[in-house]
Amino acid sequence: MIAALRRVLLSCITLVMLTVFIFIATEIMPGDALDVSLSADEIAMIPPERLAKMKQDLGLDRPAPERLLSFLGGVLTLDFGKTLISKTPVTAIIGYPLRNSLILAGAVLLLAIPLALTIGIAAAVWQGRAIDNIASTGAIIGYSIPEFVIGTVLVMIFAVAWPVFPATITASTNDAALTLLAASPLAVVTVLIGSIAYLARLLRTGMVDALAKDFVERLRLTGIPEWRIVFLHALPAAIVPSLTAMALYAAALVSGIVVVELVFAYPGLGQELVRGVTRREVHVVQAIALCSAALVVALNFLADMAILALDPRTRRA
């Protein structure tokens, strides 16, 4: 119980520190929304006092500490403010894109985890044999190739040379989840290849270490079937050390598939982030960055709780 409360407190402190860091990082961005919305000629024609009044109306002249306190207060109430120019609530802008990115990441994980488990276990059980060599080589290749290259190759094959799937996603931002997934098979496969490669290598390493432990050898000497040793004893021992890395990778999928979303015009957070940076909409960039950071902290916390539940040594420590 004390360990769980300690991790809750540590997660809250981490999130507060990340919030302050995100605010500082976005504040040092060059220019602002007014500079982007007006051309250089228009800014040159506007009198300085009029330009100062426009910045005041948009709140761009407020001191940084005051804006930081306002930002922290908005985060506590899940109110990220409004865009500077159009006055649209930020939550309305990032709501559906956040859902869409979570849908894409969730679909990839639902497919990647069982496939990676199968490949990692098979490669570890038959270590040094043909299946291990094939799996290890394929994992290295799949993880080394950038996702935009994989996406481009898939588009050239399955959308140009053999037009089976559309090159870009035609679904709308607010379409249902199944409609969105049905329109984005190439995007799912692009992220899936790298995910399977990473998770399979991670699980293979853990399984190889677990199968080399003394307790596994003792279990074999007692006559327990090999499949029971692999799935009931070695697999849990291999997964526990990898939970944190797997949780961080799952969180990184949401914030790290920007390139894939741009390649396939997927209506997720990636496009909104690029659009927000281009327009210097600080509130949008801050909200997206904070959502990504909160997801990383939350999944890392869940991984810590799972380790506490599965590993008695951690609880005693």
# chains A, B, ... in the order shown; residues from 1 in each chain; ligands from 1
$ residues_around --residues "Ala287 of chain A" --least-positions-apart "5" --cutoff "9 Å" --atoms "only C-alpha atoms" --output "MDAnalysis selection string"
chainID A and resid 75 80 90:91 94 282 292
$ residues_around --residues "Phe71 of chain A" --least-positions-apart "2" --cutoff "10 Å" --atoms "only C-alpha atoms" --output "NGL selection string"
:A and (19-20 or 23 or 65-69 or 73-76 or 79-81 or 283 or 286-287)
$ write_last_selection --atoms "C-alpha atoms" --output "compact mmCIF listing (two decimals), in the first residue's frame"
# COMPACT_ATOMS: atom_id res chain seq x y z
CA THR A 19 3.37 20.63 -17.34
CA VAL A 20 5.78 23.41 -16.38
CA PHE A 23 4.72 25.62 -20.91
CA PRO A 65 4.22 33.78 -14.69
CA GLU A 66 0.62 34.93 -15.03
CA ARG A 67 0.14 32.78 -18.14
CA LEU A 68 1.76 29.81 -16.36
CA LEU A 69 -0.64 30.06 -13.41
CA GLY A 73 -5.40 26.24 -13.39
CA GLY A 74 -6.86 25.25 -16.74
CA VAL A 75 -5.11 21.88 -16.62
CA LEU A 76 -6.66 21.10 -13.24
CA ASP A 79 -9.82 23.53 -19.71
CA PHE A 80 -7.04 24.23 -22.19
CA GLY A 81 -8.49 27.56 -23.29
CA HIS A 283 -2.76 26.41 -26.48
CA GLN A 286 0.39 22.67 -25.10
CA ALA A 287 -2.76 20.55 -24.88
$ closest_residue --among "A:Ala197, A:Ile169, A:Cys12, A:Ala4" --to "Ala135 of chain A" --atoms "only C-alpha atoms"
A:Ala197
$ residues_around --residues "Phe215 of chain A" --least-positions-apart "6" --cutoff "12 Å" --atoms "only C-alpha atoms" --output "list in words"
Asp209, Leu221, Thr222, Ile229, Val230, His233, Ala234 and Ala237 of chain A
$ atom_distance --atom1 "atom CA of Pro241 of chain A" --atom2 "atom CA of Leu104 of chain A"
26.2 Å
$ closest_residue --among "A:Glu261, A:Glu281, A:Asp132, A:Glu226" --to "Thr88 of chain A" --atoms "only C-alpha atoms"
A:Glu281
$ select_by_dssp --residues "segment 112-247 of chain A" --states "helix (DSSP H, G or I)" --output "VMD selection string"
chain A and resid 112 to 125 130 to 144 147 to 161 177 to 182 185 to 211 214 to 221 226 to 247
$ closest_residue --among "A:Ile141, A:Val254, A:Phe264, A:Ala176" --to "Ala289 of chain A" --atoms "only C-alpha atoms"
A:Val254
$ closest_residue --among "A:Ile224, A:Leu109, A:Leu78, A:Leu84" --to "Tyr198 of chain A" --atoms "only C-alpha atoms"
A:Leu109
$ residues_around --residues "Tyr266 of chain A" --least-positions-apart "2" --cutoff "9 Å" --atoms "only C-alpha atoms" --output "list in words"
Asn100, Ser101, Thr168, Ile169, Thr170, Ala171, Thr173, Leu180, Ser184, Ala187, Val260, Glu261, Leu262, Val263, Phe264, Gly268, Leu269, Gly270 and Gln271 of chain A
$ write_last_selection --atoms "N, CA, C and O atoms" --output "PDB file, in the first residue's frame"
ATOM      1  N   ASN A 100      -8.918   9.369 -32.286  1.00  0.00           N
ATOM      2  CA  ASN A 100      -8.465   8.643 -33.472  1.00  0.00           C
ATOM      3  C   ASN A 100      -7.053   8.083 -33.293  1.00  0.00           C
ATOM      4  O   ASN A 100      -6.768   6.968 -33.724  1.00  0.00           O
ATOM      5  N   SER A 101      -6.170   8.861 -32.676  1.00  0.00           N
ATOM      6  CA  SER A 101      -4.823   8.357 -32.421  1.00  0.00           C
ATOM      7  C   SER A 101      -4.848   7.189 -31.444  1.00  0.00           C
ATOM      8  O   SER A 101      -4.105   6.213 -31.600  1.00  0.00           O
ATOM      9  N   THR A 168      -4.401   7.354 -49.431  1.00  0.00           N
ATOM     10  CA  THR A 168      -4.662   8.216 -48.281  1.00  0.00           C
ATOM     11  C   THR A 168      -6.010   7.855 -47.680  1.00  0.00           C
ATOM     12  O   THR A 168      -6.870   7.266 -48.340  1.00  0.00           O
ATOM     13  N   ILE A 169      -6.190   8.210 -46.434  1.00  0.00           N
ATOM     14  CA  ILE A 169      -7.405   7.864 -45.712  1.00  0.00           C
ATOM     15  C   ILE A 169      -8.505   8.849 -46.064  1.00  0.00           C
ATOM     16  O   ILE A 169      -8.321  10.071 -45.986  1.00  0.00           O
ATOM     17  N   THR A 170      -9.647   8.317 -46.455  1.00  0.00           N
ATOM     18  CA  THR A 170     -10.769   9.161 -46.873  1.00  0.00           C
ATOM     19  C   THR A 170     -11.798   9.354 -45.772  1.00  0.00           C
ATOM     20  O   THR A 170     -12.768  10.087 -45.975  1.00  0.00           O
ATOM     21  N   ALA A 171     -11.636   8.721 -44.635  1.00  0.00           N
ATOM     22  CA  ALA A 171     -12.607   8.854 -43.549  1.00  0.00           C
ATOM     23  C   ALA A 171     -12.504  10.233 -42.907  1.00  0.00           C
ATOM     24  O   ALA A 171     -11.451  10.880 -42.930  1.00  0.00           O
ATOM     25  N   THR A 173     -12.860  12.988 -39.638  1.00  0.00           N
ATOM     26  CA  THR A 173     -12.314  12.994 -38.281  1.00  0.00           C
ATOM     27  C   THR A 173     -13.290  12.427 -37.270  1.00  0.00           C
ATOM     28  O   THR A 173     -12.900  11.733 -36.328  1.00  0.00           O
ATOM     29  N   LEU A 180     -13.238   4.250 -39.406  1.00  0.00           N
ATOM     30  CA  LEU A 180     -11.888   4.815 -39.486  1.00  0.00           C
ATOM     31  C   LEU A 180     -10.849   3.717 -39.713  1.00  0.00           C
ATOM     32  O   LEU A 180      -9.949   3.863 -40.548  1.00  0.00           O
ATOM     33  N   SER A 184      -8.145   2.661 -43.060  1.00  0.00           N
ATOM     34  CA  SER A 184      -6.712   2.901 -42.820  1.00  0.00           C
ATOM     35  C   SER A 184      -5.927   1.610 -42.603  1.00  0.00           C
ATOM     36  O   SER A 184      -5.151   1.524 -41.643  1.00  0.00           O
ATOM     37  N   ALA A 187      -2.034   2.249 -42.891  1.00  0.00           N
ATOM     38  CA  ALA A 187      -1.483   2.950 -41.734  1.00  0.00           C
ATOM     39  C   ALA A 187      -1.288   1.990 -40.567  1.00  0.00           C
ATOM     40  O   ALA A 187      -0.271   2.040 -39.864  1.00  0.00           O
ATOM     41  N   VAL A 260       3.466   8.783 -39.559  1.00  0.00           N
ATOM     42  CA  VAL A 260       2.519   7.876 -40.226  1.00  0.00           C
ATOM     43  C   VAL A 260       1.205   8.597 -40.505  1.00  0.00           C
ATOM     44  O   VAL A 260       0.615   8.437 -41.578  1.00  0.00           O
ATOM     45  N   GLU A 261       0.744   9.378 -39.546  1.00  0.00           N
ATOM     46  CA  GLU A 261      -0.504  10.116 -39.755  1.00  0.00           C
ATOM     47  C   GLU A 261      -0.371  11.108 -40.897  1.00  0.00           C
ATOM     48  O   GLU A 261      -1.324  11.312 -41.667  1.00  0.00           O
ATOM     49  N   LEU A 262       0.784  11.727 -41.019  1.00  0.00           N
ATOM     50  CA  LEU A 262       0.992  12.679 -42.104  1.00  0.00           C
ATOM     51  C   LEU A 262       1.107  11.971 -43.450  1.00  0.00           C
ATOM     52  O   LEU A 262       0.601  12.462 -44.471  1.00  0.00           O
ATOM     53  N   VAL A 263       1.773  10.800 -43.483  1.00  0.00           N
ATOM     54  CA  VAL A 263       1.932  10.063 -44.740  1.00  0.00           C
ATOM     55  C   VAL A 263       0.581   9.638 -45.299  1.00  0.00           C
ATOM     56  O   VAL A 263       0.320   9.756 -46.506  1.00  0.00           O
ATOM     57  N   PHE A 264      -0.306   9.170 -44.431  1.00  0.00           N
ATOM     58  CA  PHE A 264      -1.594   8.641 -44.881  1.00  0.00           C
ATOM     59  C   PHE A 264      -2.745   9.615 -44.655  1.00  0.00           C
ATOM     60  O   PHE A 264      -3.906   9.236 -44.850  1.00  0.00           O
ATOM     61  N   GLY A 268      -5.504  12.280 -36.970  1.00  0.00           N
ATOM     62  CA  GLY A 268      -5.149  12.111 -35.571  1.00  0.00           C
ATOM     63  C   GLY A 268      -4.456  13.330 -34.999  1.00  0.00           C
ATOM     64  O   GLY A 268      -4.484  14.428 -35.575  1.00  0.00           O
ATOM     65  N   LEU A 269      -3.806  13.129 -33.858  1.00  0.00           N
ATOM     66  CA  LEU A 269      -3.140  14.238 -33.190  1.00  0.00           C
ATOM     67  C   LEU A 269      -1.960  14.780 -33.986  1.00  0.00           C
ATOM     68  O   LEU A 269      -1.591  15.941 -33.828  1.00  0.00           O
ATOM     69  N   GLY A 270      -1.359  13.938 -34.823  1.00  0.00           N
ATOM     70  CA  GLY A 270      -0.195  14.380 -35.582  1.00  0.00           C
ATOM     71  C   GLY A 270      -0.492  15.571 -36.460  1.00  0.00           C
ATOM     72  O   GLY A 270       0.250  16.565 -36.479  1.00  0.00           O
ATOM     73  N   GLN A 271      -1.592  15.492 -37.207  1.00  0.00           N
ATOM     74  CA  GLN A 271      -1.949  16.604 -38.090  1.00  0.00           C
ATOM     75  C   GLN A 271      -2.303  17.849 -37.292  1.00  0.00           C
ATOM     76  O   GLN A 271      -1.947  18.970 -37.683  1.00  0.00           O
TER      77      GLN A 271
END
$ atom_distance --atom1 "atom CA of Arg204 of chain A" --atom2 "atom CA of Leu154 of chain A"
27.2 Å
$ closest_residue --among "A:Trp126, A:Tyr143, A:Phe231, A:Phe165" --to "Leu192 of chain A" --atoms "only C-alpha atoms"
A:Tyr143
$ closest_residue --among "A:Pro97, A:Ser86, A:Asn174, A:Val208" --to "Gly128 of chain A" --atoms "only C-alpha atoms"
A:Val208
$ atom_distance --atom1 "atom CA of Pro225 of chain A" --atom2 "atom CA of Ala122 of chain A"
16.3 Å
$ residues_around --residues "Leu117 of chain A" --least-positions-apart "5" --cutoff "8 Å" --atoms "only C-alpha atoms" --output "JSON, numbers by chain"
{"A": [199, 200, 203]}
$ decode --residues "segment 62-102 of chain A" --atoms "N, CA and C atoms" --output "PDB file, in the first residue's frame"
ATOM      1  N   ARG A  62       0.527  39.377 -21.694  1.00  0.00           N
ATOM      2  CA  ARG A  62       0.512  39.017 -20.279  1.00  0.00           C
ATOM      3  C   ARG A  62       1.867  38.453 -19.863  1.00  0.00           C
ATOM      4  N   PRO A  63       2.298  38.726 -18.638  1.00  0.00           N
ATOM      5  CA  PRO A  63       3.585  38.187 -18.174  1.00  0.00           C
ATOM      6  C   PRO A  63       3.571  36.660 -18.153  1.00  0.00           C
ATOM      7  N   ALA A  64       4.733  36.078 -18.336  1.00  0.00           N
ATOM      8  CA  ALA A  64       4.842  34.618 -18.389  1.00  0.00           C
ATOM      9  C   ALA A  64       4.373  33.946 -17.099  1.00  0.00           C
ATOM     10  N   PRO A  65       4.727  34.439 -15.909  1.00  0.00           N
ATOM     11  CA  PRO A  65       4.220  33.779 -14.687  1.00  0.00           C
ATOM     12  C   PRO A  65       2.699  33.779 -14.604  1.00  0.00           C
ATOM     13  N   GLU A  66       2.083  34.871 -15.050  1.00  0.00           N
ATOM     14  CA  GLU A  66       0.621  34.925 -15.030  1.00  0.00           C
ATOM     15  C   GLU A  66       0.026  33.901 -15.999  1.00  0.00           C
ATOM     16  N   ARG A  67       0.626  33.777 -17.180  1.00  0.00           N
ATOM     17  CA  ARG A  67       0.136  32.781 -18.141  1.00  0.00           C
ATOM     18  C   ARG A  67       0.370  31.364 -17.631  1.00  0.00           C
ATOM     19  N   LEU A  68       1.482  31.133 -16.911  1.00  0.00           N
ATOM     20  CA  LEU A  68       1.756  29.811 -16.356  1.00  0.00           C
ATOM     21  C   LEU A  68       0.705  29.429 -15.319  1.00  0.00           C
ATOM     22  N   LEU A  69       0.385  30.352 -14.415  1.00  0.00           N
ATOM     23  CA  LEU A  69      -0.643  30.060 -13.410  1.00  0.00           C
ATOM     24  C   LEU A  69      -1.990  29.800 -14.061  1.00  0.00           C
ATOM     25  N   SER A  70      -2.306  30.586 -15.096  1.00  0.00           N
ATOM     26  CA  SER A  70      -3.557  30.366 -15.816  1.00  0.00           C
ATOM     27  C   SER A  70      -3.569  28.998 -16.499  1.00  0.00           C
ATOM     28  N   PHE A  71      -2.412  28.612 -17.052  1.00  0.00           N
ATOM     29  CA  PHE A  71      -2.310  27.315 -17.719  1.00  0.00           C
ATOM     30  C   PHE A  71      -2.465  26.173 -16.722  1.00  0.00           C
ATOM     31  N   LEU A  72      -1.819  26.277 -15.559  1.00  0.00           N
ATOM     32  CA  LEU A  72      -1.927  25.247 -14.540  1.00  0.00           C
ATOM     33  C   LEU A  72      -3.356  25.135 -14.021  1.00  0.00           C
ATOM     34  N   GLY A  73      -4.010  26.282 -13.831  1.00  0.00           N
ATOM     35  CA  GLY A  73      -5.402  26.242 -13.388  1.00  0.00           C
ATOM     36  C   GLY A  73      -6.312  25.599 -14.418  1.00  0.00           C
ATOM     37  N   GLY A  74      -6.065  25.873 -15.691  1.00  0.00           N
ATOM     38  CA  GLY A  74      -6.863  25.252 -16.736  1.00  0.00           C
ATOM     39  C   GLY A  74      -6.639  23.756 -16.815  1.00  0.00           C
ATOM     40  N   VAL A  75      -5.398  23.316 -16.583  1.00  0.00           N
ATOM     41  CA  VAL A  75      -5.109  21.876 -16.620  1.00  0.00           C
ATOM     42  C   VAL A  75      -5.871  21.151 -15.527  1.00  0.00           C
ATOM     43  N   LEU A  76      -5.954  21.741 -14.352  1.00  0.00           N
ATOM     44  CA  LEU A  76      -6.662  21.104 -13.242  1.00  0.00           C
ATOM     45  C   LEU A  76      -8.138  20.918 -13.549  1.00  0.00           C
ATOM     46  N   THR A  77      -8.712  21.806 -14.340  1.00  0.00           N
ATOM     47  CA  THR A  77     -10.130  21.713 -14.698  1.00  0.00           C
ATOM     48  C   THR A  77     -10.343  21.169 -16.106  1.00  0.00           C
ATOM     49  N   LEU A  78      -9.250  20.658 -16.725  1.00  0.00           N
ATOM     50  CA  LEU A  78      -9.304  20.128 -18.100  1.00  0.00           C
ATOM     51  C   LEU A  78      -9.816  21.171 -19.084  1.00  0.00           C
ATOM     52  N   ASP A  79      -9.466  22.430 -18.820  1.00  0.00           N
ATOM     53  CA  ASP A  79      -9.822  23.530 -19.710  1.00  0.00           C
ATOM     54  C   ASP A  79      -8.528  24.093 -20.294  1.00  0.00           C
ATOM     55  N   PHE A  80      -8.281  23.799 -21.555  1.00  0.00           N
ATOM     56  CA  PHE A  80      -7.039  24.232 -22.195  1.00  0.00           C
ATOM     57  C   PHE A  80      -7.194  25.560 -22.919  1.00  0.00           C
ATOM     58  N   GLY A  81      -8.296  26.252 -22.689  1.00  0.00           N
ATOM     59  CA  GLY A  81      -8.489  27.562 -23.286  1.00  0.00           C
ATOM     60  C   GLY A  81      -9.042  27.492 -24.699  1.00  0.00           C
ATOM     61  N   LYS A  82      -8.880  28.593 -25.416  1.00  0.00           N
ATOM     62  CA  LYS A  82      -9.377  28.711 -26.784  1.00  0.00           C
ATOM     63  C   LYS A  82      -8.230  29.119 -27.707  1.00  0.00           C
ATOM     64  N   THR A  83      -8.415  28.845 -28.973  1.00  0.00           N
ATOM     65  CA  THR A  83      -7.413  29.283 -29.942  1.00  0.00           C
ATOM     66  C   THR A  83      -7.389  30.808 -29.988  1.00  0.00           C
ATOM     67  N   LEU A  84      -6.226  31.362 -30.290  1.00  0.00           N
ATOM     68  CA  LEU A  84      -6.050  32.812 -30.201  1.00  0.00           C
ATOM     69  C   LEU A  84      -6.815  33.562 -31.275  1.00  0.00           C
ATOM     70  N   ILE A  85      -6.887  32.997 -32.470  1.00  0.00           N
ATOM     71  CA  ILE A  85      -7.500  33.725 -33.587  1.00  0.00           C
ATOM     72  C   ILE A  85      -8.976  33.401 -33.726  1.00  0.00           C
ATOM     73  N   SER A  86      -9.328  32.119 -33.840  1.00  0.00           N
ATOM     74  CA  SER A  86     -10.728  31.743 -34.094  1.00  0.00           C
ATOM     75  C   SER A  86     -11.554  31.605 -32.828  1.00  0.00           C
ATOM     76  N   LYS A  87     -10.912  31.609 -31.654  1.00  0.00           N
ATOM     77  CA  LYS A  87     -11.600  31.482 -30.363  1.00  0.00           C
ATOM     78  C   LYS A  87     -12.366  30.162 -30.245  1.00  0.00           C
ATOM     79  N   THR A  88     -11.857  29.122 -30.862  1.00  0.00           N
ATOM     80  CA  THR A  88     -12.470  27.803 -30.762  1.00  0.00           C
ATOM     81  C   THR A  88     -11.906  27.078 -29.543  1.00  0.00           C
ATOM     82  N   PRO A  89     -12.739  26.435 -28.720  1.00  0.00           N
ATOM     83  CA  PRO A  89     -12.203  25.695 -27.573  1.00  0.00           C
ATOM     84  C   PRO A  89     -11.203  24.626 -28.014  1.00  0.00           C
ATOM     85  N   VAL A  90     -10.080  24.559 -27.322  1.00  0.00           N
ATOM     86  CA  VAL A  90      -9.031  23.618 -27.694  1.00  0.00           C
ATOM     87  C   VAL A  90      -9.509  22.183 -27.547  1.00  0.00           C
ATOM     88  N   THR A  91     -10.324  21.926 -26.514  1.00  0.00           N
ATOM     89  CA  THR A  91     -10.829  20.567 -26.327  1.00  0.00           C
ATOM     90  C   THR A  91     -11.669  20.110 -27.509  1.00  0.00           C
ATOM     91  N   ALA A  92     -12.379  21.042 -28.146  1.00  0.00           N
ATOM     92  CA  ALA A  92     -13.164  20.681 -29.322  1.00  0.00           C
ATOM     93  C   ALA A  92     -12.274  20.371 -30.523  1.00  0.00           C
ATOM     94  N   ILE A  93     -11.086  20.978 -30.552  1.00  0.00           N
ATOM     95  CA  ILE A  93     -10.172  20.751 -31.678  1.00  0.00           C
ATOM     96  C   ILE A  93      -9.446  19.416 -31.544  1.00  0.00           C
ATOM     97  N   ILE A  94      -8.996  19.081 -30.324  1.00  0.00           N
ATOM     98  CA  ILE A  94      -8.167  17.887 -30.164  1.00  0.00           C
ATOM     99  C   ILE A  94      -8.970  16.661 -29.719  1.00  0.00           C
ATOM    100  N   GLY A  95     -10.259  16.824 -29.453  1.00  0.00           N
ATOM    101  CA  GLY A  95     -11.051  15.707 -28.934  1.00  0.00           C
ATOM    102  C   GLY A  95     -11.073  14.504 -29.865  1.00  0.00           C
ATOM    103  N   TYR A  96     -11.595  14.691 -31.085  1.00  0.00           N
ATOM    104  CA  TYR A  96     -11.662  13.592 -32.042  1.00  0.00           C
ATOM    105  C   TYR A  96     -10.283  13.142 -32.518  1.00  0.00           C
ATOM    106  N   PRO A  97      -9.340  14.049 -32.814  1.00  0.00           N
ATOM    107  CA  PRO A  97      -7.993  13.574 -33.165  1.00  0.00           C
ATOM    108  C   PRO A  97      -7.341  12.724 -32.084  1.00  0.00           C
ATOM    109  N   LEU A  98      -7.525  13.082 -30.814  1.00  0.00           N
ATOM    110  CA  LEU A  98      -6.988  12.258 -29.726  1.00  0.00           C
ATOM    111  C   LEU A  98      -7.640  10.888 -29.731  1.00  0.00           C
ATOM    112  N   ARG A  99      -8.956  10.848 -29.901  1.00  0.00           N
ATOM    113  CA  ARG A  99      -9.642   9.559 -29.974  1.00  0.00           C
ATOM    114  C   ARG A  99      -9.126   8.728 -31.139  1.00  0.00           C
ATOM    115  N   ASN A 100      -8.918   9.369 -32.286  1.00  0.00           N
ATOM    116  CA  ASN A 100      -8.465   8.643 -33.472  1.00  0.00           C
ATOM    117  C   ASN A 100      -7.053   8.083 -33.293  1.00  0.00           C
ATOM    118  N   SER A 101      -6.170   8.861 -32.676  1.00  0.00           N
ATOM    119  CA  SER A 101      -4.823   8.357 -32.421  1.00  0.00           C
ATOM    120  C   SER A 101      -4.848   7.189 -31.444  1.00  0.00           C
ATOM    121  N   LEU A 102      -5.715   7.261 -30.428  1.00  0.00           N
ATOM    122  CA  LEU A 102      -5.857   6.151 -29.492  1.00  0.00           C
ATOM    123  C   LEU A 102      -6.417   4.919 -30.186  1.00  0.00           C
TER     124      LEU A 102
END
